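A.B. asks: Structure file input_24.cif, mmCIF, C-alpha atoms, is pasted below:
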```
data_start
#
loop_
_atom_site.group_PDB
_atom_site.id
_atom_site.type_symbol
_atom_site.label_atom_id
_atom_site.label_comp_id
_atom_site.auth_asym_id
_atom_site.auth_seq_id
_atom_site.Cartn_x
_atom_site.Cartn_y
_atom_site.Cartn_z
ATOM 1 C CA MET J 1 38.792 23.373 76.891
ATOM 2 C CA GLU J 2 36.334 21.845 74.494
ATOM 3 C CA THR J 3 33.243 23.247 72.852
ATOM 4 C CA VAL J 4 30.346 21.646 70.978
ATOM 5 C CA THR J 5 31.713 23.085 67.744
ATOM 6 C CA GLU J 6 34.657 20.682 67.750
ATOM 7 C CA ILE J 7 33.790 18.031 65.180
ATOM 8 C CA ILE J 8 36.814 15.754 65.773
ATOM 9 C CA SER J 9 38.730 15.894 69.041
ATOM 10 C CA ALA J 10 42.361 14.775 69.272
ATOM 11 C CA GLU J 11 41.190 11.735 71.274
ATOM 12 C CA ALA J 12 38.630 10.854 68.582
ATOM 13 C CA LEU J 13 41.247 11.227 65.843
ATOM 14 C CA LEU J 14 43.631 8.886 67.671
ATOM 15 C CA ALA J 15 40.833 6.343 68.239
ATOM 16 C CA HIS J 16 39.944 6.588 64.541
ATOM 17 C CA TRP J 17 43.566 6.013 63.529
ATOM 18 C CA GLN J 18 43.931 3.134 65.963
ATOM 19 C CA GLY J 19 40.862 1.513 64.354
ATOM 20 C CA HIS J 20 42.694 1.755 61.037
ATOM 21 C CA ARG J 21 45.933 0.445 62.548
ATOM 22 C CA THR J 22 44.086 -2.600 63.904
ATOM 23 C CA LEU J 23 42.734 -3.285 60.427
ATOM 24 C CA THR J 24 46.159 -2.835 58.813
ATOM 25 C CA ARG J 25 47.568 -5.363 61.283
ATOM 26 C CA ARG J 26 44.849 -7.828 60.222
ATOM 27 C CA VAL J 27 45.744 -7.281 56.566
ATOM 28 C CA ILE J 28 49.420 -8.057 57.310
ATOM 29 C CA GLU J 29 48.306 -11.214 59.145
ATOM 30 C CA ALA J 30 46.134 -12.288 56.196
ATOM 31 C CA PHE J 31 49.160 -12.511 53.846
ATOM 32 C CA PRO J 32 50.816 -15.865 53.293
ATOM 33 C CA GLU J 33 54.392 -15.660 54.677
ATOM 34 C CA LYS J 34 56.272 -15.910 51.380
ATOM 35 C CA GLU J 35 53.949 -13.639 49.407
ATOM 36 C CA LEU J 36 54.146 -10.923 52.063
ATOM 37 C CA PHE J 37 57.810 -10.481 51.128
ATOM 38 C CA GLU J 38 57.766 -11.427 47.441
ATOM 39 C CA PHE J 39 54.410 -10.941 45.727
ATOM 40 C CA SER J 40 53.799 -7.747 43.787
ATOM 41 C CA ILE J 41 51.736 -6.373 40.912
ATOM 42 C CA GLY J 42 52.827 -4.031 38.133
ATOM 43 C CA GLY J 43 56.324 -3.445 39.478
ATOM 44 C CA MET J 44 55.064 -2.199 42.846
ATOM 45 C CA ARG J 45 56.707 -3.090 46.176
ATOM 46 C CA PRO J 46 55.765 -6.260 48.027
ATOM 47 C CA PHE J 47 53.336 -5.550 50.877
ATOM 48 C CA SER J 48 56.091 -6.004 53.500
ATOM 49 C CA LYS J 49 57.990 -3.055 51.965
ATOM 50 C CA ILE J 50 54.828 -0.950 51.883
ATOM 51 C CA VAL J 51 54.304 -1.719 55.585
ATOM 52 C CA MET J 52 57.914 -0.693 56.267
ATOM 53 C CA GLU J 53 57.115 2.702 54.758
ATOM 54 C CA LEU J 54 54.213 2.996 57.241
ATOM 55 C CA LEU J 55 56.486 1.876 60.100
ATOM 56 C CA GLY J 56 59.021 4.526 59.137
ATOM 57 C CA ILE J 57 56.410 7.289 59.189
ATOM 58 C CA ALA J 58 53.914 6.915 62.063
ATOM 59 C CA GLY J 59 55.948 6.420 65.249
ATOM 60 C CA PRO J 60 59.083 8.306 64.138
ATOM 61 C CA GLY J 61 56.917 11.124 62.726
ATOM 62 C CA LEU J 62 55.026 11.559 65.992
ATOM 63 C CA LYS J 63 58.276 11.549 67.971
ATOM 64 C CA GLU J 64 59.580 14.379 65.751
ATOM 65 C CA ILE J 65 56.385 16.372 66.108
ATOM 66 C CA VAL J 66 56.521 16.096 69.899
ATOM 67 C CA SER J 67 60.266 16.746 70.247
ATOM 68 C CA GLY J 68 60.512 19.318 67.471
ATOM 69 C CA GLN J 69 63.668 17.560 66.182
ATOM 70 C CA SER J 70 63.659 16.434 62.521
ATOM 71 C CA SER J 71 65.608 13.402 61.302
ATOM 72 C CA PRO J 72 65.777 11.816 57.860
ATOM 73 C CA LEU J 73 62.981 9.393 56.925
ATOM 74 C CA ASN J 74 64.020 5.754 57.272
ATOM 75 C CA GLU J 75 61.883 3.110 55.570
ATOM 76 C CA SER J 76 64.345 0.236 55.488
ATOM 77 C CA PHE J 77 64.192 -2.435 58.126
ATOM 78 C CA ASP J 78 66.590 -5.039 56.765
ATOM 79 C CA ASN J 79 66.436 -7.058 59.966
ATOM 80 C CA ILE J 80 62.740 -7.805 59.386
ATOM 81 C CA THR J 81 62.443 -10.940 57.264
ATOM 82 C CA THR J 82 59.416 -12.770 58.694
ATOM 83 C CA LYS J 83 55.742 -11.956 59.209
ATOM 84 C CA ALA J 84 56.153 -12.459 62.962
ATOM 85 C CA GLN J 85 58.936 -9.854 63.063
ATOM 86 C CA LEU J 86 56.894 -7.418 60.981
ATOM 87 C CA LEU J 87 53.897 -7.810 63.312
ATOM 88 C CA GLU J 88 56.137 -7.408 66.372
ATOM 89 C CA LYS J 89 57.534 -4.162 64.946
ATOM 90 C CA TRP J 90 53.981 -3.047 64.106
ATOM 91 C CA ASP J 91 52.979 -3.547 67.744
ATOM 92 C CA GLU J 92 56.077 -1.702 68.993
ATOM 93 C CA GLU J 93 55.287 1.292 66.783
ATOM 94 C CA ASN J 94 51.670 1.112 67.881
ATOM 95 C CA ALA J 95 52.803 1.656 71.442
ATOM 96 C CA VAL J 96 54.824 4.660 70.226
ATOM 97 C CA VAL J 97 51.709 6.095 68.543
ATOM 98 C CA ASN J 98 49.705 5.666 71.747
ATOM 99 C CA GLU J 99 52.449 7.261 73.825
ATOM 100 C CA TYR J 100 53.296 10.252 71.642
ATOM 101 C CA PHE J 101 50.015 11.242 69.965
ATOM 102 C CA PRO J 102 48.414 12.410 73.268
ATOM 103 C CA GLN J 103 51.475 14.631 73.885
ATOM 104 C CA ILE J 104 50.600 16.831 70.911
ATOM 105 C CA THR J 105 48.968 19.935 72.332
ATOM 106 C CA PRO J 106 45.939 21.480 70.578
ATOM 107 C CA GLU J 107 48.092 24.470 69.580
ATOM 108 C CA ARG J 108 50.833 22.209 68.208
ATOM 109 C CA PHE J 109 48.389 20.704 65.672
ATOM 110 C CA HIS J 110 48.270 24.075 63.938
ATOM 111 C CA GLU J 111 51.981 24.835 64.019
ATOM 112 C CA THR J 112 54.105 24.313 60.938
ATOM 113 C CA PHE J 113 56.816 21.679 61.250
ATOM 114 C CA ASN J 114 59.394 20.408 58.764
ATOM 115 C CA LEU J 115 58.666 16.670 59.071
ATOM 116 C CA PHE J 116 61.698 14.438 58.372
ATOM 117 C CA GLY J 117 63.471 17.642 57.390
ATOM 118 C CA MET J 118 61.526 17.484 54.113
ATOM 119 C CA TYR J 119 57.797 18.072 54.482
ATOM 120 C CA GLU J 120 56.955 21.530 55.765
ATOM 121 C CA ALA J 121 53.287 21.573 56.822
ATOM 122 C CA PRO J 122 50.935 22.207 59.732
ATOM 123 C CA VAL J 123 51.156 19.241 62.111
ATOM 124 C CA ILE J 124 47.491 18.319 61.607
ATOM 125 C CA TYR J 125 48.115 17.964 57.843
ATOM 126 C CA SER J 126 51.051 15.633 58.477
ATOM 127 C CA ILE J 127 48.950 13.499 60.801
ATOM 128 C CA GLN J 128 46.065 13.348 58.330
ATOM 129 C CA TYR J 129 48.672 12.315 55.763
ATOM 130 C CA PHE J 130 49.916 9.481 58.034
ATOM 131 C CA ILE J 131 46.367 8.111 58.318
ATOM 132 C CA ASP J 132 45.386 8.622 54.668
ATOM 133 C CA ASN J 133 48.655 7.131 53.431
ATOM 134 C CA GLU J 134 48.044 4.025 55.556
ATOM 135 C CA ILE J 135 44.498 3.627 54.146
ATOM 136 C CA HIS J 136 45.797 4.184 50.593
ATOM 137 C CA HIS J 137 48.525 1.559 50.834
ATOM 138 C CA ARG J 138 46.388 -0.926 52.762
ATOM 139 C CA GLY J 139 43.841 -0.681 49.923
ATOM 140 C CA GLN J 140 46.655 -1.813 47.634
ATOM 141 C CA GLY J 141 47.266 -4.758 49.978
ATOM 142 C CA TYR J 142 43.607 -5.730 49.481
ATOM 143 C CA VAL J 143 44.222 -6.089 45.742
ATOM 144 C CA TYR J 144 47.336 -8.208 46.378
ATOM 145 C CA LEU J 145 45.306 -10.479 48.689
ATOM 146 C CA ARG J 146 42.468 -10.810 46.143
ATOM 147 C CA ALA J 147 45.007 -11.609 43.414
ATOM 148 C CA LEU J 148 46.396 -14.306 45.740
ATOM 149 C CA GLY J 149 42.914 -15.739 46.281
ATOM 150 C CA VAL J 150 42.857 -14.636 49.939
ATOM 151 C CA GLU J 151 39.699 -12.989 51.338
ATOM 152 C CA PRO J 152 40.776 -9.722 53.021
ATOM 153 C CA PRO J 153 39.265 -8.617 56.366
ATOM 154 C CA PRO J 154 36.165 -6.407 55.933
ATOM 155 C CA PHE J 155 37.079 -2.728 55.490
ATOM 156 C CA TRP J 156 34.455 -1.526 57.972
ATOM 157 C CA GLU J 157 35.651 -3.783 60.816
ATOM 158 C CA ARG J 158 38.120 -1.853 62.956
ATOM 159 C CA MET N 1 32.114 29.697 67.837
ATOM 160 C CA GLU N 2 35.584 28.318 67.402
ATOM 161 C CA THR N 3 38.364 27.808 69.913
ATOM 162 C CA VAL N 4 42.071 27.093 69.539
ATOM 163 C CA THR N 5 41.433 23.537 70.735
ATOM 164 C CA GLU N 6 39.607 22.574 67.528
ATOM 165 C CA ILE N 7 42.089 20.474 65.576
ATOM 166 C CA ILE N 8 39.988 20.046 62.409
ATOM 167 C CA SER N 9 37.202 22.477 61.589
ATOM 168 C CA ALA N 10 34.288 21.478 59.347
ATOM 169 C CA GLU N 11 35.689 23.792 56.663
ATOM 170 C CA ALA N 12 39.120 22.130 56.923
ATOM 171 C CA LEU N 13 37.569 18.664 56.701
ATOM 172 C CA LEU N 14 35.651 19.613 53.558
ATOM 173 C CA ALA N 15 38.802 21.130 52.007
ATOM 174 C CA HIS N 16 40.696 17.939 52.905
ATOM 175 C CA TRP N 17 38.017 15.777 51.298
ATOM 176 C CA GLN N 18 37.882 17.986 48.207
ATOM 177 C CA GLY N 19 41.649 17.511 47.858
ATOM 178 C CA HIS N 20 41.027 13.779 47.822
ATOM 179 C CA ARG N 21 38.113 14.126 45.398
ATOM 180 C CA THR N 22 40.328 16.066 42.992
ATOM 181 C CA LEU N 23 42.889 13.255 43.133
ATOM 182 C CA THR N 24 40.211 10.564 42.625
ATOM 183 C CA ARG N 25 39.013 12.461 39.547
ATOM 184 C CA ARG N 26 42.596 12.404 38.209
ATOM 185 C CA VAL N 27 42.805 8.651 38.792
ATOM 186 C CA ILE N 28 39.571 8.125 36.812
ATOM 187 C CA GLU N 29 41.028 10.268 34.012
ATOM 188 C CA ALA N 30 44.261 8.233 33.994
ATOM 189 C CA PHE N 31 42.441 5.008 33.061
ATOM 190 C CA PRO N 32 42.268 3.980 29.418
ATOM 191 C CA GLU N 33 38.584 4.074 28.308
ATOM 192 C CA LYS N 34 38.084 0.334 27.817
ATOM 193 C CA GLU N 35 39.991 -0.775 30.913
ATOM 194 C CA LEU N 36 38.063 1.642 33.134
ATOM 195 C CA PHE N 37 34.973 -0.482 32.467
ATOM 196 C CA GLU N 38 36.505 -3.920 31.968
ATOM 197 C CA PHE N 39 39.867 -4.419 33.684
ATOM 198 C CA SER N 40 39.946 -6.083 37.064
ATOM 199 C CA ILE N 41 42.245 -8.115 39.330
ATOM 200 C CA GLY N 42 41.372 -11.132 41.475
ATOM 201 C CA GLY N 43 37.640 -11.047 40.770
ATOM 202 C CA MET N 44 37.259 -7.463 41.987
ATOM 203 C CA ARG N 45 35.041 -4.889 40.290
ATOM 204 C CA PRO N 46 36.354 -2.772 37.409
ATOM 205 C CA PHE N 47 37.339 0.720 38.580
ATOM 206 C CA SER N 48 34.210 2.260 36.992
ATOM 207 C CA LYS N 49 32.021 0.140 39.313
ATOM 208 C CA ILE N 50 34.138 1.099 42.311
ATOM 209 C CA VAL N 51 33.675 4.776 41.381
ATOM 210 C CA MET N 52 29.916 4.193 41.108
ATOM 211 C CA GLU N 53 29.952 3.017 44.722
ATOM 212 C CA LEU N 54 31.631 6.298 45.667
ATOM 213 C CA LEU N 55 29.074 8.253 43.589
ATOM 214 C CA GLY N 56 26.258 6.444 45.377
ATOM 215 C CA ILE N 57 27.604 7.343 48.802
ATOM 216 C CA ALA N 58 29.019 10.892 48.958
ATOM 217 C CA GLY N 59 26.370 13.228 47.515
ATOM 218 C CA PRO N 60 23.308 11.087 48.400
ATOM 219 C CA GLY N 61 24.720 10.451 51.891
ATOM 220 C CA LEU N 62 25.218 14.163 52.578
ATOM 221 C CA LYS N 63 21.695 14.935 51.322
ATOM 222 C CA GLU N 64 20.304 12.371 53.789
ATOM 223 C CA ILE N 65 22.349 13.757 56.662
ATOM 224 C CA VAL N 66 21.102 17.285 55.962
ATOM 225 C CA SER N 67 17.463 16.341 55.338
ATOM 226 C CA GLY N 68 17.265 13.594 57.969
ATOM 227 C CA GLN N 69 15.483 11.357 55.437
ATOM 228 C CA SER N 70 17.043 7.924 54.744
ATOM 229 C CA SER N 71 16.724 6.156 51.390
ATOM 230 C CA PRO N 72 18.221 2.867 50.199
ATOM 231 C CA LEU N 73 21.817 2.972 48.907
ATOM 232 C CA ASN N 74 22.013 2.992 45.112
ATOM 233 C CA GLU N 75 25.336 2.139 43.481
ATOM 234 C CA SER N 76 24.166 1.264 39.978
ATOM 235 C CA PHE N 77 24.365 3.832 37.254
ATOM 236 C CA ASP N 78 23.546 1.777 34.162
ATOM 237 C CA ASN N 79 23.353 4.865 31.983
ATOM 238 C CA ILE N 80 27.043 5.590 32.543
ATOM 239 C CA THR N 81 29.047 3.726 29.908
ATOM 240 C CA THR N 82 31.879 6.121 29.019
ATOM 241 C CA LYS N 83 34.680 7.837 30.911
ATOM 242 C CA ALA N 84 33.297 11.237 29.913
ATOM 243 C CA GLN N 85 29.916 10.360 31.467
ATOM 244 C CA LEU N 86 31.581 9.049 34.619
ATOM 245 C CA LEU N 87 33.596 12.264 34.996
ATOM 246 C CA GLU N 88 30.486 14.367 34.311
ATOM 247 C CA LYS N 89 28.621 12.523 37.076
ATOM 248 C CA TRP N 90 31.651 12.919 39.362
ATOM 249 C CA ASP N 91 31.548 16.689 38.829
ATOM 250 C CA GLU N 92 27.783 16.796 39.434
ATOM 251 C CA GLU N 93 28.181 14.954 42.745
ATOM 252 C CA ASN N 94 31.092 17.205 43.621
ATOM 253 C CA ALA N 95 28.748 20.170 43.402
ATOM 254 C CA VAL N 96 26.354 18.292 45.716
ATOM 255 C CA VAL N 97 29.172 17.741 48.233
ATOM 256 C CA ASN N 98 30.064 21.442 48.145
ATOM 257 C CA GLU N 99 26.415 22.463 48.540
ATOM 258 C CA TYR N 100 25.366 20.068 51.332
ATOM 259 C CA PHE N 101 28.471 19.597 53.485
ATOM 260 C CA PRO N 102 28.457 23.220 54.755
ATOM 261 C CA GLN N 103 24.791 22.761 55.787
ATOM 262 C CA ILE N 104 25.789 20.226 58.456
ATOM 263 C CA THR N 105 25.723 22.076 61.761
ATOM 264 C CA PRO N 106 28.438 21.414 64.371
ATOM 265 C CA GLU N 107 25.838 19.709 66.600
ATOM 266 C CA ARG N 108 24.616 17.528 63.717
ATOM 267 C CA PHE N 109 28.108 15.994 63.346
ATOM 268 C CA HIS N 110 27.639 14.341 66.746
ATOM 269 C CA GLU N 111 24.056 13.161 66.261
ATOM 270 C CA THR N 112 23.368 9.549 65.404
ATOM 271 C CA PHE N 113 21.738 8.969 62.024
ATOM 272 C CA ASN N 114 20.696 5.779 60.244
ATOM 273 C CA LEU N 115 22.484 6.346 56.933
ATOM 274 C CA PHE N 116 20.810 4.720 53.925
ATOM 275 C CA GLY N 117 18.455 3.140 56.480
ATOM 276 C CA MET N 118 21.296 0.710 57.277
ATOM 277 C CA TYR N 119 24.283 2.309 58.997
ATOM 278 C CA GLU N 120 23.443 3.751 62.405
ATOM 279 C CA ALA N 121 26.335 5.981 63.510
ATOM 280 C CA PRO N 122 27.267 9.507 64.560
ATOM 281 C CA VAL N 123 27.296 11.709 61.448
ATOM 282 C CA ILE N 124 31.023 12.478 61.815
ATOM 283 C CA TYR N 125 31.785 8.729 61.664
ATOM 284 C CA SER N 126 29.774 8.361 58.466
ATOM 285 C CA ILE N 127 31.589 11.294 56.897
ATOM 286 C CA GLN N 128 35.000 9.947 57.934
ATOM 287 C CA TYR N 129 33.860 6.659 56.374
ATOM 288 C CA PHE N 130 32.997 8.418 53.089
ATOM 289 C CA ILE N 131 36.497 9.892 52.912
ATOM 290 C CA ASP N 132 38.371 6.782 54.072
ATOM 291 C CA ASN N 133 36.378 4.534 51.752
ATOM 292 C CA GLU N 134 37.276 6.781 48.808
ATOM 293 C CA ILE N 135 41.000 6.661 49.718
ATOM 294 C CA HIS N 136 40.815 2.864 50.185
ATOM 295 C CA HIS N 137 39.203 2.207 46.810
ATOM 296 C CA ARG N 138 41.315 4.762 44.973
ATOM 297 C CA GLY N 139 44.395 2.941 46.315
ATOM 298 C CA GLN N 140 43.027 -0.134 44.575
ATOM 299 C CA GLY N 141 42.725 1.906 41.368
ATOM 300 C CA TYR N 142 46.439 2.690 41.674
ATOM 301 C CA VAL N 143 47.237 -1.040 41.522
ATOM 302 C CA TYR N 144 44.990 -1.454 38.471
ATOM 303 C CA LEU N 145 46.814 1.429 36.746
ATOM 304 C CA ARG N 146 50.249 -0.007 37.612
ATOM 305 C CA ALA N 147 49.144 -3.425 36.325
ATOM 306 C CA LEU N 148 48.081 -1.677 33.102
ATOM 307 C CA GLY N 149 51.467 0.031 32.813
ATOM 308 C CA VAL N 150 49.983 3.474 33.492
ATOM 309 C CA GLU N 151 51.768 5.848 35.921
ATOM 310 C CA PRO N 152 49.167 7.021 38.476
ATOM 311 C CA PRO N 153 49.063 10.653 39.660
ATOM 312 C CA PRO N 154 51.191 11.257 42.785
ATOM 313 C CA PHE N 155 49.261 10.498 45.987
ATOM 314 C CA TRP N 156 50.376 13.698 47.689
ATOM 315 C CA GLU N 157 49.201 16.021 44.883
ATOM 316 C CA ARG N 158 45.675 17.209 45.648
#
```
Represent the structure of the file as C-alpha cells.

C.D. replies:
Amino acid sequence: METVTEIISAEALLAHWQGHRTLTRRVIEAFPEKELFEFSIGGMRPFSKIVMELLGIAGPGLKEIVSGQSSPLNESFDNITTKAQLLEKWDEENAVVNEYFPQITPERFHETFNLFGMYEAPVIYSIQYFIDNEIHHRGQGYVYLRALGVEPPPFWER
Amino acid sequence: METVTEIISAEALLAHWQGHRTLTRRVIEAFPEKELFEFSIGGMRPFSKIVMELLGIAGPGLKEIVSGQSSPLNESFDNITTKAQLLEKWDEENAVVNEYFPQITPERFHETFNLFGMYEAPVIYSIQYFIDNEIHHRGQGYVYLRALGVEPPPFWER
C-alpha cells in the first residue's frame, strides 16, 4: 500500500543506494593497483581497507536485518590482495544487497534492531548509515585520487 | 496522511539532514583559521571554498523549490574571510533550511523542477543530492584535518 505522501519508497532508496554503489565501484577501479593497498594520507587507512569496512557492513548488515540474527562486525578480508579480488567481492556483496534489501518489510524499517550486536537503532537509521558512511568514505577516496594525480569519476554520475 | 509503509517521512529526512549539518558545522570549527582558507590537497579547493559550495546550494535551492523560481547558482562569498563569518553564514542558511524545507508539500517532492536553471530532476532527487553532496565534501574535509594532524569529530555523532 502506497500513498502520494511517501517521499522515498523502499524501491527508490535501493535504487539511490545502487547508484552510489556503482560510483564507489568506479572509484575503486580508478585507483592504481599498488596505491589502492598502500597509499594513505595523515595516518588514515589505504582505500582498500576503507572499502573492506564497507564490504563488512552492507551485505552482512542487510542479512542480519532480514534474519534478525546479530553477529560481530567483520571488516578484515585478508584473502583480498588485488584490485580484481576487491572488485569481485564488491560485486558479490552487491548481489547480496539486491537480494536482501527487498526482503525488508515496510514495518521492519521502523523496528529497532541491535546491528552487529552493537548498534541499537531503528532499521531505517542503520540503512541510512550504510549509505551515508559509503558516501563519506568514498569522498575520502576522491582526495587520495587527487593527491595521486588521478581524475576521479564525476560525483553526479551514478 | 501517513501510512505505515512510509519508510522516511519529510520530517525524518529534515531531521537526518540537520544531524549532518550539525556535524558539518563541527568540521568547519575543527579547522585552524588559516588552513580553513588556504590548505588543500592535490589541487582541490580549500575547505572554506567547499563549504561555500554547500552554502550556495542548500538554502537557495530550497527557496527555489518552494517558490518555483530558478536563479543561477552562486558559490562565491567574497565577503567571507574568517571562520567566524563562515560559521555565521552557516547558521543563517541553517535557519533557511528549517524555514523552507517544511514548506515542501508531499506532492512537490515528486514534481520535476529545473534547479538553478540547470538541473532538471524530481525535487526529492535534488534534495537527496544536497545531503549526499554535503556528506561527500565533508568526508574530504576529514582527510584535510587528518593531514593537518587534527582529530576530526566522530562521523556517527550528529

A.B. asks: I'd like a table as a tab-separated table: residues in chain N with an atom no more than 6 Å from chain J, each row giving the shortest atom pair and its distance in Å to one decimal, only C-alpha atoms counted, sorted by chain and rising residue number.

C.D. replies:
```
residue	atom	partner	partner_atom	distance
N:Thr5	CA	J:Pro106	CA	5.0
N:Glu6	CA	J:Glu6	CA	5.3
N:Gly42	CA	J:Ala147	CA	4.1
N:Pro106	CA	J:Thr5	CA	5.0
N:Ile135	CA	J:His136	CA	5.5
N:His136	CA	J:Gly139	CA	4.7
N:Gly139	CA	J:His136	CA	4.7
N:Gln140	CA	J:Gln140	CA	5.0
N:Arg146	CA	J:Gly42	CA	4.8
N:Ala147	CA	J:Gly42	CA	4.1
```

A.B. asks: Could you state the separation of CA of Phe37 (chain J) and CA of Lys49 (chain J) in Å, given to one decimal place?

C.D. replies: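 If I compute the distance from CA of Phe37 (chain J) to CA of Lys49 (chain J), I get 7.5 Å.
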
A.B. asks: Mind working out the centre and edge lengths of an axis-aligned box for region 88-97 of chain J, all listed atoms inside, 5 Å added to each side, rounded to one decimal in Å and written as lines of an AutoDock Vina configuration file?

C.D. replies:
```
center_x = 54.6
center_y = -0.7
center_z = 67.8
size_x = 15.9
size_y = 23.5
size_z = 17.3
```

A.B. asks: Let me know the residues the PyMOL selection byres ((chain N and resi 30) around 8) catches in the file above, as a ChimeraX atom specification.

C.D. replies: /N:26-29,31-32,145,150,152-153

A.B. asks: If you apply the PyMOL selection byres ((chain J and resi 54) around 8) to this file, what residues do you get, as a JSON list (two decimals) with C-alpha atoms, in the coordinates of the input?

C.D. replies:
```
[["chain", "number", "residue", "atom", "x", "y", "z"],
["J", 50, "ILE", "CA", 54.83, -0.95, 51.88],
["J", 51, "VAL", "CA", 54.30, -1.72, 55.58],
["J", 52, "MET", "CA", 57.91, -0.69, 56.27],
["J", 53, "GLU", "CA", 57.12, 2.70, 54.76],
["J", 55, "LEU", "CA", 56.49, 1.88, 60.10],
["J", 56, "GLY", "CA", 59.02, 4.53, 59.14],
["J", 57, "ILE", "CA", 56.41, 7.29, 59.19],
["J", 58, "ALA", "CA", 53.91, 6.92, 62.06],
["J", 75, "GLU", "CA", 61.88, 3.11, 55.57],
["J", 130, "PHE", "CA", 49.92, 9.48, 58.03],
["J", 133, "ASN", "CA", 48.66, 7.13, 53.43],
["J", 134, "GLU", "CA", 48.04, 4.03, 55.56]]
```

A.B. asks: If you measure from CA of Trp17 (chain J) to CA of Leu62 (chain J), what distance in Å do you get, rounded to one decimal?

C.D. replies: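 Those two atoms sit 13.0 Å apart.
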
A.B. asks: Rank N:Ala121, N:Ile127, N:Leu115, N:Val97 by their smallest atom-to-atom distance to Arg21 (chain N), using all atoms listed in the file, and report the top residue only.

C.D. replies: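 Answer, going by the shortest atom-to-atom distance: N:Val97.
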
A.B. asks: Just say which residues the PyMOL selection byres ((chain J and resi 82) around 10) picks in this file, as a list in words.

C.D. replies: Glu33, Lys34, Leu36, Phe37, Ser48, Asn79, Ile80, Thr81, Lys83, Ala84, Gln85, Leu86, Leu87 and Glu88 of chain J
